[in-house]
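Trainee: After the C-alpha cells below, expect a handful of questions from me.
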Amino acid sequence: MIASMRRRRSLPIVLAGLGVAAAVAGCADRGEGEAAAPASGEPASAGSSAAAEEDGGSTQDELAAALLPAEAFGPDANVVTVDVRQVSTSATGGLPPDATVTPPECGQSVGATQLTPEDFGAIVAQSATGPADVTVEVLAESEQLDGEAASFDELVAQCPQVTVSAPDGTTATIDFTDLAVPDLGDASDGVAFTTAVRAADGTGLTVPTFLAVVLDGQRMVYLQRTGTSSAPLDEAAFGELFEQAFAAQQDG
C-alpha cells in the first residue's frame, strides 16, 4: 500500500544513494556479462567482514544473501553484482572535476552522500539492466544509522531544480519531485527526478529516475531505477519492487 510517510526516525541522508548508485550503475555497465550471484557476494575487504562479526553485524556474504534474487528484476534483465567500495567517489559523489552547481547551495545534496561505504560494517550492491531501465540495489548495515539528518522532502523544497555544468560545456539539469513509497521499516522515503543532459555539441538526452530508501534497524536499503529513454517509469511497479527488496533483506 502506498501511504504517506509516518517517520519514526529521520533518514540519515541528504540525497542518499544518488552518488553511490550512479557509480554502481557505471561499474555494472563496465562489468556486463558477469552473472549475478546474490547469495555469495564477495567481501570488500577482510577487515570490514571481521569488524562486522565483532560488532555482531552481518558479514558481506550474509548481506549479499539478503539482496533481491535475479528473477525479481524480470526475465530480460542482466543482473550483476558490484563492489560499491571500489566505485564510490565518496565526497565528490561522481560530479565532474571543477563542475559548477547552480544554485551552489545545492551542490552538497546532488553530489554527495553523508555516509560513505567506509562508514558501514558491510555493504553490497547489484545492478539489473533491462530493455527500458537500469535498477540498482544497495544494501548496507551500520550502527551509525540511528543519526538525524535531512530527508527528501527538504531536498525537493529547497532544491527543486539543480543544474550541473562541466568545463567542457556539458550541462545536466535535474528536476526533483516527491515520490510516494510504501511505509516500511523505521523510516522510508522516496524522490523522483528527471535528468536532462546536453552535450557541448548540442546533442541531449533526458531520463527519469526513481529513488527509494528504507531504514530498518541497522540496515538501509537503497533502490534506484533510471530509464534508458525519456519514457515515464512505472511508479506502481517500482513500489512493488521496493517492498520486495525490504522483505528480502528481512528474510536474509
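Every chain in the C-alpha cells takes a letter, A first, then B, and so on in the order presented; its residues are numbered from 1, and the ligands are numbered from 1 following the presented order.
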Give me the residues near Val134 (chain A) as a PyMOL selection string, where near means some atom within 10 Å (using only C-alpha atoms) and where sequence neighbours in that chain fewer than 4 positions away do not count.
Mentor: chain A and resi 25+28-29+73+77-79+127-130+209+224-228
Trainee: Asp189 (chain A): which residues within 8 Å, counting only C-alpha atoms, same-chain residues fewer than 5 positions away excluded, as a ChimeraX atom specification?
Mentor: /A:5,11,151-152,179-181,183,212-214
Trainee: I need the residues from that last selection saved to file as a PDB file, in the first residue's frame (with C-alpha atoms), if you can.
Mentor:
```
ATOM      1  CA  MET A   5       5.349   8.669   5.445  1.00  0.00           C
ATOM      2  CA  LEU A  11      16.589   9.298   7.443  1.00  0.00           C
ATOM      3  CA  SER A 151      15.110  13.911   4.254  1.00  0.00           C
ATOM      4  CA  PHE A 152      13.946  14.035   0.655  1.00  0.00           C
ATOM      5  CA  LEU A 179       7.749  10.151  -4.814  1.00  0.00           C
ATOM      6  CA  ALA A 180       5.273   8.249  -2.644  1.00  0.00           C
ATOM      7  CA  VAL A 181       6.720   4.937  -1.440  1.00  0.00           C
ATOM      8  CA  ASP A 183       5.668   2.958   4.564  1.00  0.00           C
ATOM      9  CA  ALA A 212      13.667   4.995  -2.569  1.00  0.00           C
ATOM     10  CA  VAL A 213      15.368   4.330   0.758  1.00  0.00           C
ATOM     11  CA  VAL A 214      14.228   2.423   3.829  1.00  0.00           C
TER      12      VAL A 214
END
```
Trainee: Nearest residue to Gly217 (chain A) out of A:Asp186, A:Ser58, A:Ala192, A:Ala66, using only C-alpha atoms?
Mentor: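 That would be A:Asp186, the residue with the smallest distance to Gly217 (chain A).
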Trainee: Would you mind listing what lies within 7 Å of Ala172 (chain A) as a list in words, with only C-alpha atoms counted and same-chain residues fewer than 4 positions away left out?
Mentor: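 Counting only C-alpha atoms, the residues come to Thr163, Val164, Ser165, Thr195, Ala196, Val197 and Arg198 of chain A.
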Trainee: Write out the residues from the selection above, keeping all heavy atoms, as an mmCIF file, in the first residue's frame.
Mentor:
```
data_model
loop_
_atom_site.group_PDB
_atom_site.id
_atom_site.type_symbol
_atom_site.label_atom_id
_atom_site.label_comp_id
_atom_site.auth_asym_id
_atom_site.auth_seq_id
_atom_site.Cartn_x
_atom_site.Cartn_y
_atom_site.Cartn_z
ATOM 1 N N THR A 163 21.248 22.574 -11.687
ATOM 2 C CA THR A 163 21.995 22.436 -12.930
ATOM 3 C C THR A 163 23.475 22.239 -12.623
ATOM 4 O O THR A 163 24.059 22.997 -11.845
ATOM 5 C CB THR A 163 21.829 23.672 -13.833
ATOM 6 O OG1 THR A 163 20.446 23.815 -14.167
ATOM 7 C CG2 THR A 163 22.640 23.531 -15.113
ATOM 8 N N VAL A 164 24.054 21.210 -13.221
ATOM 9 C CA VAL A 164 25.481 20.930 -13.082
ATOM 10 C C VAL A 164 26.141 21.219 -14.430
ATOM 11 O O VAL A 164 25.758 20.642 -15.451
ATOM 12 C CB VAL A 164 25.725 19.465 -12.671
ATOM 13 C CG1 VAL A 164 27.222 19.193 -12.534
ATOM 14 C CG2 VAL A 164 24.999 19.150 -11.362
ATOM 15 N N SER A 165 27.123 22.109 -14.429
ATOM 16 C CA SER A 165 27.822 22.492 -15.660
ATOM 17 C C SER A 165 29.271 22.050 -15.584
ATOM 18 O O SER A 165 29.983 22.391 -14.633
ATOM 19 C CB SER A 165 27.754 24.015 -15.856
ATOM 20 O OG SER A 165 26.416 24.457 -15.896
ATOM 21 N N THR A 195 16.574 13.923 -15.284
ATOM 22 C CA THR A 195 17.871 14.497 -15.620
ATOM 23 C C THR A 195 17.941 14.754 -17.119
ATOM 24 O O THR A 195 17.790 13.831 -17.918
ATOM 25 C CB THR A 195 19.019 13.554 -15.207
ATOM 26 O OG1 THR A 195 18.890 13.248 -13.817
ATOM 27 C CG2 THR A 195 20.370 14.204 -15.460
ATOM 28 N N ALA A 196 18.145 16.003 -17.482
ATOM 29 C CA ALA A 196 18.285 16.388 -18.888
ATOM 30 C C ALA A 196 19.743 16.777 -19.132
ATOM 31 O O ALA A 196 20.228 17.769 -18.591
ATOM 32 C CB ALA A 196 17.372 17.553 -19.218
ATOM 33 N N VAL A 197 20.437 15.970 -19.912
ATOM 34 C CA VAL A 197 21.855 16.205 -20.204
ATOM 35 C C VAL A 197 21.991 16.767 -21.611
ATOM 36 O O VAL A 197 21.408 16.232 -22.556
ATOM 37 C CB VAL A 197 22.668 14.890 -20.082
ATOM 38 C CG1 VAL A 197 24.131 15.142 -20.414
ATOM 39 C CG2 VAL A 197 22.523 14.311 -18.682
ATOM 40 N N ARG A 198 22.752 17.836 -21.741
ATOM 41 C CA ARG A 198 23.007 18.429 -23.057
ATOM 42 C C ARG A 198 24.516 18.573 -23.231
ATOM 43 O O ARG A 198 25.182 19.233 -22.433
ATOM 44 C CB ARG A 198 22.332 19.783 -23.207
ATOM 45 C CG ARG A 198 22.548 20.419 -24.591
ATOM 46 C CD ARG A 198 21.550 21.519 -24.860
ATOM 47 N NE ARG A 198 20.187 21.000 -24.960
ATOM 48 C CZ ARG A 198 19.673 20.489 -26.064
ATOM 49 N NH1 ARG A 198 20.391 20.401 -27.172
ATOM 50 N NH2 ARG A 198 18.432 20.049 -26.087
#
```
Trainee: In Å, with one decimal, what is the gap from CA of Leu67 (chain A) to CA of Gln249 (chain A)?
Mentor: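 Distance between the two atoms: 6.2 Å.
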Trainee: Between CA of Asp216 (chain A) and CA of Ala187 (chain A), measure the distance and give it in Å to one decimal.
Mentor: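 Atom-to-atom, CA of Asp216 (chain A) to CA of Ala187 (chain A), that is 7.2 Å.
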Trainee: Can you pull out the residues contacting Glu243 (chain A)? Cut-off 12 Å, using only C-alpha atoms, and skip same-chain residues under 2 positions away; I want them as a PDB file with N, CA and C atoms, in the first residue's frame.
Mentor:
```
ATOM      1  N   MET A   1       0.850  -1.187   0.000  1.00  0.00           N
ATOM      2  CA  MET A   1       0.000   0.000   0.000  1.00  0.00           C
ATOM      3  C   MET A   1       0.882   1.232   0.000  1.00  0.00           C
ATOM      4  N   ILE A   2       0.639   2.165  -0.948  1.00  0.00           N
ATOM      5  CA  ILE A   2       1.378   3.405  -0.984  1.00  0.00           C
ATOM      6  C   ILE A   2       0.741   4.349   0.026  1.00  0.00           C
ATOM      7  N   LEU A  68      17.848  -8.840  -3.467  1.00  0.00           N
ATOM      8  CA  LEU A  68      16.802  -9.447  -4.284  1.00  0.00           C
ATOM      9  C   LEU A  68      17.377 -10.539  -5.176  1.00  0.00           C
ATOM     10  N   ALA A  72      13.711 -11.391  -9.662  1.00  0.00           N
ATOM     11  CA  ALA A  72      12.820 -10.307  -9.251  1.00  0.00           C
ATOM     12  C   ALA A  72      12.832  -9.153 -10.248  1.00  0.00           C
ATOM     13  N   VAL A 181       6.234   6.315  -1.531  1.00  0.00           N
ATOM     14  CA  VAL A 181       6.720   4.937  -1.440  1.00  0.00           C
ATOM     15  C   VAL A 181       6.013   4.246  -0.281  1.00  0.00           C
ATOM     16  N   PRO A 182       6.016   2.918  -0.273  1.00  0.00           N
ATOM     17  CA  PRO A 182       5.392   2.197   0.839  1.00  0.00           C
ATOM     18  C   PRO A 182       6.012   2.583   2.177  1.00  0.00           C
ATOM     19  N   ASP A 183       5.209   2.636   3.214  1.00  0.00           N
ATOM     20  CA  ASP A 183       5.668   2.958   4.564  1.00  0.00           C
ATOM     21  C   ASP A 183       6.252   1.695   5.178  1.00  0.00           C
ATOM     22  N   LEU A 184       7.576   1.602   5.211  1.00  0.00           N
ATOM     23  CA  LEU A 184       8.253   0.385   5.632  1.00  0.00           C
ATOM     24  C   LEU A 184       9.281   0.682   6.728  1.00  0.00           C
ATOM     25  N   GLY A 185       9.596  -0.339   7.525  1.00  0.00           N
ATOM     26  CA  GLY A 185      10.689  -0.255   8.475  1.00  0.00           C
ATOM     27  C   GLY A 185      10.543   0.879   9.468  1.00  0.00           C
ATOM     28  N   SER A 188      10.957   5.338   5.777  1.00  0.00           N
ATOM     29  CA  SER A 188      11.147   5.135   4.339  1.00  0.00           C
ATOM     30  C   SER A 188      10.805   6.433   3.626  1.00  0.00           C
ATOM     31  N   ALA A 212      14.339   5.241  -3.836  1.00  0.00           N
ATOM     32  CA  ALA A 212      13.667   4.995  -2.569  1.00  0.00           C
ATOM     33  C   ALA A 212      14.658   4.421  -1.572  1.00  0.00           C
ATOM     34  N   VAL A 213      14.483   4.780  -0.309  1.00  0.00           N
ATOM     35  CA  VAL A 213      15.368   4.330   0.758  1.00  0.00           C
ATOM     36  C   VAL A 213      14.520   3.919   1.951  1.00  0.00           C
ATOM     37  N   VAL A 214      14.900   2.821   2.600  1.00  0.00           N
ATOM     38  CA  VAL A 214      14.228   2.423   3.829  1.00  0.00           C
ATOM     39  C   VAL A 214      15.286   2.088   4.880  1.00  0.00           C
ATOM     40  N   VAL A 221      18.288   0.073   2.924  1.00  0.00           N
ATOM     41  CA  VAL A 221      18.102  -0.434   1.569  1.00  0.00           C
ATOM     42  C   VAL A 221      17.930   0.751   0.623  1.00  0.00           C
ATOM     43  N   TYR A 222      18.765   0.814  -0.422  1.00  0.00           N
ATOM     44  CA  TYR A 222      18.628   1.815  -1.485  1.00  0.00           C
ATOM     45  C   TYR A 222      18.104   1.096  -2.723  1.00  0.00           C
ATOM     46  N   LEU A 223      17.146   1.685  -3.382  1.00  0.00           N
ATOM     47  CA  LEU A 223      16.694   1.138  -4.658  1.00  0.00           C
ATOM     48  C   LEU A 223      16.528   2.305  -5.627  1.00  0.00           C
ATOM     49  N   ALA A 236       4.044   2.257  -9.850  1.00  0.00           N
ATOM     50  CA  ALA A 236       3.486   1.144  -9.091  1.00  0.00           C
ATOM     51  C   ALA A 236       4.441  -0.047  -9.088  1.00  0.00           C
ATOM     52  N   ALA A 237       5.029  -0.351 -10.239  1.00  0.00           N
ATOM     53  CA  ALA A 237       5.967  -1.475 -10.327  1.00  0.00           C
ATOM     54  C   ALA A 237       7.194  -1.219  -9.470  1.00  0.00           C
ATOM     55  N   PHE A 238       7.667   0.025  -9.449  1.00  0.00           N
ATOM     56  CA  PHE A 238       8.823   0.363  -8.623  1.00  0.00           C
ATOM     57  C   PHE A 238       8.485   0.203  -7.140  1.00  0.00           C
ATOM     58  N   GLY A 239       7.296   0.648  -6.751  1.00  0.00           N
ATOM     59  CA  GLY A 239       6.883   0.498  -5.361  1.00  0.00           C
ATOM     60  C   GLY A 239       6.808  -0.957  -4.933  1.00  0.00           C
ATOM     61  N   GLU A 240       6.321  -1.822  -5.815  1.00  0.00           N
ATOM     62  CA  GLU A 240       6.248  -3.248  -5.508  1.00  0.00           C
ATOM     63  C   GLU A 240       7.651  -3.852  -5.362  1.00  0.00           C
ATOM     64  N   LEU A 241       8.578  -3.446  -6.233  1.00  0.00           N
ATOM     65  CA  LEU A 241       9.942  -3.958  -6.144  1.00  0.00           C
ATOM     66  C   LEU A 241      10.608  -3.473  -4.862  1.00  0.00           C
ATOM     67  N   ALA A 245      12.280  -5.757  -2.024  1.00  0.00           N
ATOM     68  CA  ALA A 245      13.662  -5.575  -1.545  1.00  0.00           C
ATOM     69  C   ALA A 245      13.694  -5.505  -0.023  1.00  0.00           C
ATOM     70  N   PHE A 246      12.725  -4.821   0.550  1.00  0.00           N
ATOM     71  CA  PHE A 246      12.636  -4.727   2.010  1.00  0.00           C
ATOM     72  C   PHE A 246      12.391  -6.095   2.630  1.00  0.00           C
ATOM     73  N   ALA A 247      11.448  -6.849   2.043  1.00  0.00           N
ATOM     74  CA  ALA A 247      11.130  -8.182   2.571  1.00  0.00           C
ATOM     75  C   ALA A 247      12.323  -9.122   2.439  1.00  0.00           C
ATOM     76  N   ALA A 248      13.058  -9.018   1.329  1.00  0.00           N
ATOM     77  CA  ALA A 248      14.203  -9.901   1.098  1.00  0.00           C
ATOM     78  C   ALA A 248      15.281  -9.687   2.145  1.00  0.00           C
ATOM     79  N   GLN A 249      15.545  -8.429   2.508  1.00  0.00           N
ATOM     80  CA  GLN A 249      16.594  -8.167   3.494  1.00  0.00           C
ATOM     81  C   GLN A 249      16.163  -8.598   4.890  1.00  0.00           C
ATOM     82  N   GLN A 250      14.850  -8.603   5.149  1.00  0.00           N
ATOM     83  CA  GLN A 250      14.376  -9.092   6.427  1.00  0.00           C
ATOM     84  C   GLN A 250      14.500 -10.604   6.545  1.00  0.00           C
TER      85      GLN A 250
END
```
Trainee: Quick check, in Å to one decimal: how far apart do CA of Thr135 (chain A) and CA of Pro69 (chain A) lie?
Mentor: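 Going from CA of Thr135 (chain A) over to CA of Pro69 (chain A), I get 13.0 Å.
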Trainee: Enumerate, as an MDAnalysis selection string, the complete set of residues in region 125-199 of chain A that a backbone-based DSSP assignment places in strand (DSSP E or B).
Mentor: chainID A and resid 125:129 133:141 161:165 171:178 182 187:198
